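Colleague: File work01.txt follows (compact mmCIF, C-alpha atoms):
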```txt
# COMPACT_ATOMS: atom_id res chain seq x y z
CA MET A 904 43.38 8.67 -45.53
CA ARG A 905 44.41 5.15 -46.54
CA PHE A 906 42.08 2.94 -48.59
CA GLU A 907 41.72 0.52 -45.66
CA GLU A 908 40.43 3.35 -43.46
CA TYR A 909 38.00 4.46 -46.17
CA LYS A 910 36.74 0.91 -46.63
CA PHE A 911 36.28 0.51 -42.87
CA LEU A 912 34.29 3.75 -42.63
CA VAL A 913 31.99 2.79 -45.53
CA TYR A 914 31.41 -0.75 -44.26
CA SER A 915 30.83 0.42 -40.68
CA ASP A 916 28.21 2.90 -41.96
CA LEU A 917 26.55 0.10 -43.93
CA TYR A 918 26.63 -2.23 -40.92
CA ARG A 919 24.88 0.38 -38.80
CA LEU A 920 22.13 0.50 -41.41
CA ILE A 921 21.35 -3.20 -41.91
CA GLY A 922 23.36 -5.18 -39.35
CA ARG A 923 25.73 -6.68 -41.91
CA SER A 924 28.22 -5.46 -44.46
CA ASN A 925 29.27 -7.12 -47.69
CA LEU A 926 29.90 -6.07 -51.28
CA ARG A 927 26.44 -7.09 -52.50
CA ALA A 928 24.68 -5.02 -49.83
CA LEU A 929 27.06 -2.11 -50.48
CA ILE A 930 26.18 -2.04 -54.19
CA ARG A 931 22.46 -2.35 -53.43
CA PHE A 932 22.43 0.55 -50.98
CA VAL A 933 24.71 2.78 -53.05
CA LEU A 934 22.23 2.39 -55.90
CA ARG A 935 18.98 2.51 -53.90
CA GLY A 936 19.53 3.54 -50.29
CA GLU A 937 18.96 7.28 -50.29
CA SER A 938 20.47 8.26 -46.93
CA PHE A 939 23.29 5.72 -47.23
CA LYS A 940 24.01 6.93 -50.75
CA TYR A 941 24.73 10.42 -49.38
CA VAL A 942 27.00 9.04 -46.64
CA PHE A 943 28.83 6.85 -49.19
CA TRP A 944 29.61 9.77 -51.51
CA MET A 945 30.57 11.96 -48.55
CA ARG A 946 33.09 9.31 -47.42
CA THR A 947 34.30 8.91 -51.02
CA CYS A 948 34.93 12.66 -51.27
CA GLN A 949 36.89 12.54 -48.00
CA TYR A 950 39.02 9.68 -49.30
CA ALA A 951 39.58 11.14 -52.78
CA SER A 952 40.51 14.57 -51.40
CA SER A 953 43.27 13.02 -49.27
CA ASN A 954 44.86 11.16 -52.20
CA ARG A 955 47.05 13.13 -54.57
CA TRP A 956 46.01 11.21 -57.70
CA LEU A 957 42.34 10.78 -56.87
CA ARG A 958 41.99 14.50 -56.21
CA PHE A 959 42.02 15.05 -59.98
CA THR A 960 40.12 11.95 -61.11
CA LEU A 961 37.61 10.59 -58.57
CA LEU A 962 37.03 13.72 -56.47
CA PRO A 963 35.25 15.77 -59.20
CA LEU A 964 32.87 12.87 -59.89
CA ALA A 965 32.24 12.19 -56.19
CA ARG A 966 31.63 15.90 -55.52
CA PHE A 967 29.15 16.00 -58.41
CA PHE A 968 27.13 13.12 -56.92
CA LEU A 969 27.32 14.60 -53.41
CA HIS A 970 26.19 18.00 -54.68
CA HIS A 971 23.28 16.42 -56.57
CA LEU A 972 22.21 14.43 -53.49
CA LYS A 973 22.48 17.54 -51.30
CA TYR A 974 19.56 19.11 -53.17
CA LYS A 975 17.67 15.89 -53.90
CA LEU A 976 17.69 14.68 -50.28
CA GLY A 977 17.97 17.96 -48.37
CA ILE A 978 21.18 16.95 -46.59
CA SER A 979 24.03 19.41 -46.20
CA ILE A 980 26.98 17.73 -44.50
CA PRO A 981 30.29 18.90 -46.00
CA TYR A 982 32.71 16.08 -46.74
CA THR A 983 35.35 17.93 -44.72
CA THR A 984 33.36 17.36 -41.51
CA HIS A 985 35.09 15.01 -39.06
CA ILE A 986 32.70 12.05 -38.58
CA GLY A 987 33.61 8.80 -36.87
CA PRO A 988 32.71 5.31 -38.11
CA GLY A 989 29.18 3.96 -38.00
CA PHE A 990 27.39 7.15 -39.10
CA TYR A 991 23.66 6.56 -39.64
CA ILE A 992 21.03 8.88 -41.10
CA GLY A 993 17.59 7.49 -40.27
CA HIS A 994 15.53 9.71 -42.58
CA PHE A 995 16.75 12.34 -44.99
CA GLY A 996 15.53 15.91 -45.28
CA GLY A 997 16.47 19.18 -43.66
CA ILE A 998 19.79 18.02 -42.19
CA VAL A 999 22.41 20.77 -41.88
CA VAL A 1000 25.82 20.24 -40.27
CA ASN A 1001 28.53 22.88 -39.95
CA SER A 1002 31.80 21.67 -41.46
CA HIS A 1003 33.71 22.40 -38.22
CA SER A 1004 31.45 20.15 -36.14
CA ILE A 1005 32.97 16.94 -34.78
CA ILE A 1006 30.83 13.80 -34.68
CA GLY A 1007 31.96 10.67 -32.84
CA LYS A 1008 31.39 7.06 -33.80
CA ASN A 1009 27.93 5.46 -34.07
CA CYS A 1010 25.92 8.64 -34.35
CA ASN A 1011 22.24 8.38 -35.35
CA MET A 1012 20.98 11.52 -37.04
CA SER A 1013 17.30 12.05 -37.86
CA HIS A 1014 15.63 14.42 -40.31
CA GLY A 1015 15.50 18.12 -39.52
CA VAL A 1016 18.69 18.08 -37.42
CA THR A 1017 20.99 21.10 -37.34
CA LEU A 1018 24.51 21.22 -35.89
CA GLY A 1019 25.16 24.93 -36.11
CA GLN A 1020 27.71 27.59 -35.34
CA ALA A 1021 27.29 30.30 -32.70
CA ASN A 1022 29.03 33.52 -33.72
CA ARG A 1023 29.20 35.27 -30.36
CA GLY A 1024 28.90 34.80 -26.63
CA GLU A 1025 30.49 32.28 -24.31
CA LYS A 1026 29.40 29.35 -26.53
CA LYS A 1027 30.90 30.80 -29.71
CA GLY A 1028 31.99 27.89 -31.88
CA TYR A 1029 30.80 24.50 -33.12
CA PRO A 1030 29.23 21.35 -31.60
CA GLN A 1031 31.22 18.28 -30.59
CA ILE A 1032 29.17 15.08 -30.51
CA GLY A 1033 30.40 12.06 -28.55
CA ASP A 1034 30.10 8.35 -29.36
CA ASN A 1035 26.82 6.39 -29.55
CA VAL A 1036 24.62 9.48 -29.70
CA TYR A 1037 21.01 9.54 -30.94
CA ILE A 1038 19.83 12.91 -32.27
CA GLY A 1039 16.05 12.98 -32.69
CA PRO A 1040 14.00 14.61 -35.47
CA GLY A 1041 14.18 18.39 -35.56
CA ALA A 1042 16.83 18.67 -32.86
CA LYS A 1043 19.16 21.67 -32.96
CA ILE A 1044 22.61 21.74 -31.35
CA VAL A 1045 24.15 25.20 -31.57
CA GLY A 1046 27.50 26.62 -30.55
CA ASN A 1047 30.54 25.27 -28.74
CA VAL A 1048 28.55 22.53 -27.03
CA ARG A 1049 29.96 19.17 -26.02
CA VAL A 1050 27.49 16.30 -26.16
CA GLY A 1051 28.80 13.35 -24.15
CA ASN A 1052 28.83 9.65 -25.02
CA ASN A 1053 25.69 7.47 -25.06
CA VAL A 1054 23.35 10.49 -25.12
CA ALA A 1055 19.80 10.63 -26.51
CA ILE A 1056 18.53 14.01 -27.68
CA GLY A 1057 14.76 14.17 -28.07
CA ALA A 1058 12.69 15.44 -30.98
CA ASN A 1059 12.74 19.22 -31.52
CA CYS A 1060 15.13 19.72 -28.61
CA VAL A 1061 17.39 22.79 -28.71
CA VAL A 1062 20.76 22.11 -27.07
CA THR A 1063 22.82 25.16 -26.15
CA ARG A 1064 24.71 23.77 -23.12
CA ASP A 1065 27.04 20.82 -22.57
CA VAL A 1066 25.36 17.44 -22.08
CA PRO A 1067 26.90 14.82 -19.74
CA ASP A 1068 27.44 11.18 -20.69
CA ASN A 1069 24.39 8.85 -20.67
CA ALA A 1070 21.89 11.72 -20.51
CA VAL A 1071 18.46 11.96 -22.12
CA VAL A 1072 17.81 15.58 -23.13
CA VAL A 1073 14.45 17.09 -24.16
CA GLY A 1074 12.79 20.49 -24.50
CA ILE A 1075 13.62 24.05 -25.40
CA PRO A 1076 16.14 24.78 -24.06
CA GLY A 1077 17.35 21.21 -23.66
CA ARG A 1078 17.35 19.79 -20.14
CA VAL A 1079 18.36 16.39 -18.79
CA ILE A 1080 15.38 14.27 -17.75
CA SER A 1081 17.15 10.96 -17.08
CA TYR A 1082 20.40 9.07 -17.37
CA LYS A 1083 19.13 6.10 -19.41
CA GLY A 1084 21.13 7.30 -22.42
CA SER A 1085 20.82 6.08 -25.99
CA THR A 1086 20.34 2.39 -25.19
CA GLY A 1087 17.79 0.97 -27.61
CA TYR A 1088 18.21 3.80 -30.10
CA VAL A 1089 21.76 3.22 -31.34
CA LEU A 1090 21.90 -0.31 -32.74
CA TYR A 1091 24.35 -2.49 -34.71
CA THR A 1092 27.50 -1.13 -33.13
CA ASP A 1093 29.31 -4.48 -32.99
CA TYR A 1094 31.12 -4.11 -36.33
CA ASP A 1095 34.77 -5.14 -36.36
CA GLU A 1096 37.00 -2.19 -35.43
CA SER A 1097 40.28 -3.95 -36.16
```
Hey, can you dump this file as structure tokens for me?

Modeller:
Amino acid sequence: MRFEEYKFLVYSDLYRLIGRSNLRALIRFVLRGESFKYVFWMRTCQYASSNRWLRFTLLPLARFFLHHLKYKLGISIPYTTHIGPGFYIGHFGGIVVNSHSIIGKNCNMSHGVTLGQANRGEKKGYPQIGDNVYIGPGAKIVGNVRVGNNVAIGANCVVTRDVPDNAVVVGIPGRVISYKGSTGYVLYTDYDES
């Protein structure tokens, strides 16, 4: 990963949080913004692990902070997880993501969310989350499930089947109740992608 890509990921995550991104806001939220702090150190670990020199200098420090925040905030998202730009954690606590999961750009993740592995059956594998997806509090997405783009997953929903684009999914097991999508839930997506 190049530094420019790392910088873009960090600033896009910050923009999703407050609707702007600059150095002053970055410093403020790295010091005080609990959920953003976790995302920042996760991105920093990703960057440092891909650089030969930083692997021995910055990576141990970044992993220390990430490990500390994992227990302090109750967030377990390995830095090896593939996550697109504009990742937003609304509230921390009880978030568990399998390292093989794939998360697209502009994902909103609430507290109590699990993206888990299924070990057997036709859905054996890991979740793939599309772009502009809202995942409500307590939602569970388990197995080789593809969640489409612009999807809203309701609170405490359990998703074990593929979800089409623009769907709103609720219940246990998750079922589509409309095709209004995540409009109004996923905000501040107009950051510069150049």

Colleague: Got a sec: who's within 9 Å of Val1079 in chain A, counting only C-alpha atoms, leaving out chain neighbours fewer than 5 positions off, as a list in words?

Modeller: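 Neighbouring residues, sequence-local ones excluded: Val1066, Pro1067, Ala1070, Val1071, Val1072, Val1073 and Gly1074 of chain A.
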
Colleague: Find the distance between CA of Ser1013 in chain A and CA of Gly997 in chain A and write it in Å to one decimal.

Modeller: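 About the pair CA of Ser1013 in chain A and CA of Gly997 in chain A: they are 9.2 Å apart.
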
Colleague: Which neighbours of range 987-993 of chain A fall inside 7 Å, counting all atoms listed in the file, when residues of the same chain fewer than 4 positions from it are skipped, and could you give them as a PyMOL selection string?

Modeller: chain A and resi 912+915-916+919-920+938+1006-1013

Colleague: Mind pulling up the distance from CA of Ser1081 in chain A to CA of Ala1055 in chain A?

Modeller: 9.8 Å

Colleague: Name the residues within 10 Å of (28.0, -3.4, -32.0), counting all atoms listed in the file in the file's coordinates, and put them as a list in words.

Modeller: Ser915, Tyr918, Arg919, Gly922, Gly989, Asn1009, Val1089, Leu1090, Tyr1091, Thr1092, Asp1093, Tyr1094, Asp1095 and Glu1096 of chain A

Colleague: What's the separation between CA of Gly996 in chain A and CA of Arg935 in chain A, in Å to one decimal place?

Modeller: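 Distance reported for this atom pair: 16.3 Å.
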
Colleague: Using all atoms listed in the file, which residues sit within 10 Å of Phe943 in chain A once same-chain residues fewer than 3 positions away are excluded, as a compact mmCIF listing (two decimals) with C-alpha atoms, in the coordinates of the input?

Modeller:
```txt
# COMPACT_ATOMS: atom_id res chain seq x y z
CA TYR A 909 38.00 4.46 -46.17
CA LEU A 912 34.29 3.75 -42.63
CA VAL A 913 31.99 2.79 -45.53
CA TYR A 914 31.41 -0.75 -44.26
CA ASP A 916 28.21 2.90 -41.96
CA LEU A 917 26.55 0.10 -43.93
CA LEU A 929 27.06 -2.11 -50.48
CA PHE A 932 22.43 0.55 -50.98
CA VAL A 933 24.71 2.78 -53.05
CA GLY A 936 19.53 3.54 -50.29
CA GLU A 937 18.96 7.28 -50.29
CA SER A 938 20.47 8.26 -46.93
CA PHE A 939 23.29 5.72 -47.23
CA LYS A 940 24.01 6.93 -50.75
CA ARG A 946 33.09 9.31 -47.42
CA THR A 947 34.30 8.91 -51.02
CA CYS A 948 34.93 12.66 -51.27
CA GLN A 949 36.89 12.54 -48.00
CA ALA A 965 32.24 12.19 -56.19
CA LEU A 969 27.32 14.60 -53.41
```

Colleague: Residues within 8 Å of Ile1032 in chain A, please, as number ranges by chain. Count all atoms listed in the file; anything in the same chain fewer than 4 positions from it doesn't count.

Modeller: A: 1004-1007, 1036, 1049-1052

Colleague: Do you know which residues are at most 12 Å from Tyr974 in chain A counting only C-alpha atoms, after dropping those on the same chain fewer than 3 positions away, and could you put them as a PDB file with C-alpha atoms, in the frame of the given file?

Modeller:
```pdb
ATOM      1  CA  TYR A 941      24.730  10.420 -49.380  1.00  0.00           C
ATOM      2  CA  PHE A 967      29.150  16.000 -58.410  1.00  0.00           C
ATOM      3  CA  PHE A 968      27.130  13.120 -56.920  1.00  0.00           C
ATOM      4  CA  LEU A 969      27.320  14.600 -53.410  1.00  0.00           C
ATOM      5  CA  HIS A 970      26.190  18.000 -54.680  1.00  0.00           C
ATOM      6  CA  HIS A 971      23.280  16.420 -56.570  1.00  0.00           C
ATOM      7  CA  GLY A 977      17.970  17.960 -48.370  1.00  0.00           C
ATOM      8  CA  ILE A 978      21.180  16.950 -46.590  1.00  0.00           C
ATOM      9  CA  SER A 979      24.030  19.410 -46.200  1.00  0.00           C
ATOM     10  CA  ILE A 980      26.980  17.730 -44.500  1.00  0.00           C
ATOM     11  CA  PHE A 995      16.750  12.340 -44.990  1.00  0.00           C
ATOM     12  CA  GLY A 996      15.530  15.910 -45.280  1.00  0.00           C
ATOM     13  CA  GLY A 997      16.470  19.180 -43.660  1.00  0.00           C
ATOM     14  CA  ILE A 998      19.790  18.020 -42.190  1.00  0.00           C
ATOM     15  CA  VAL A 999      22.410  20.770 -41.880  1.00  0.00           C
TER      16      VAL A 999
END
```

Colleague: With distances taken over all atoms listed in the file, which of A:Leu964, A:Ile1080, A:Ile1044, A:Leu934 is nearest to Gly1015 in chain A?

Modeller: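 Among the listed residues, A:Ile1044 lies closest to Gly1015 in chain A.
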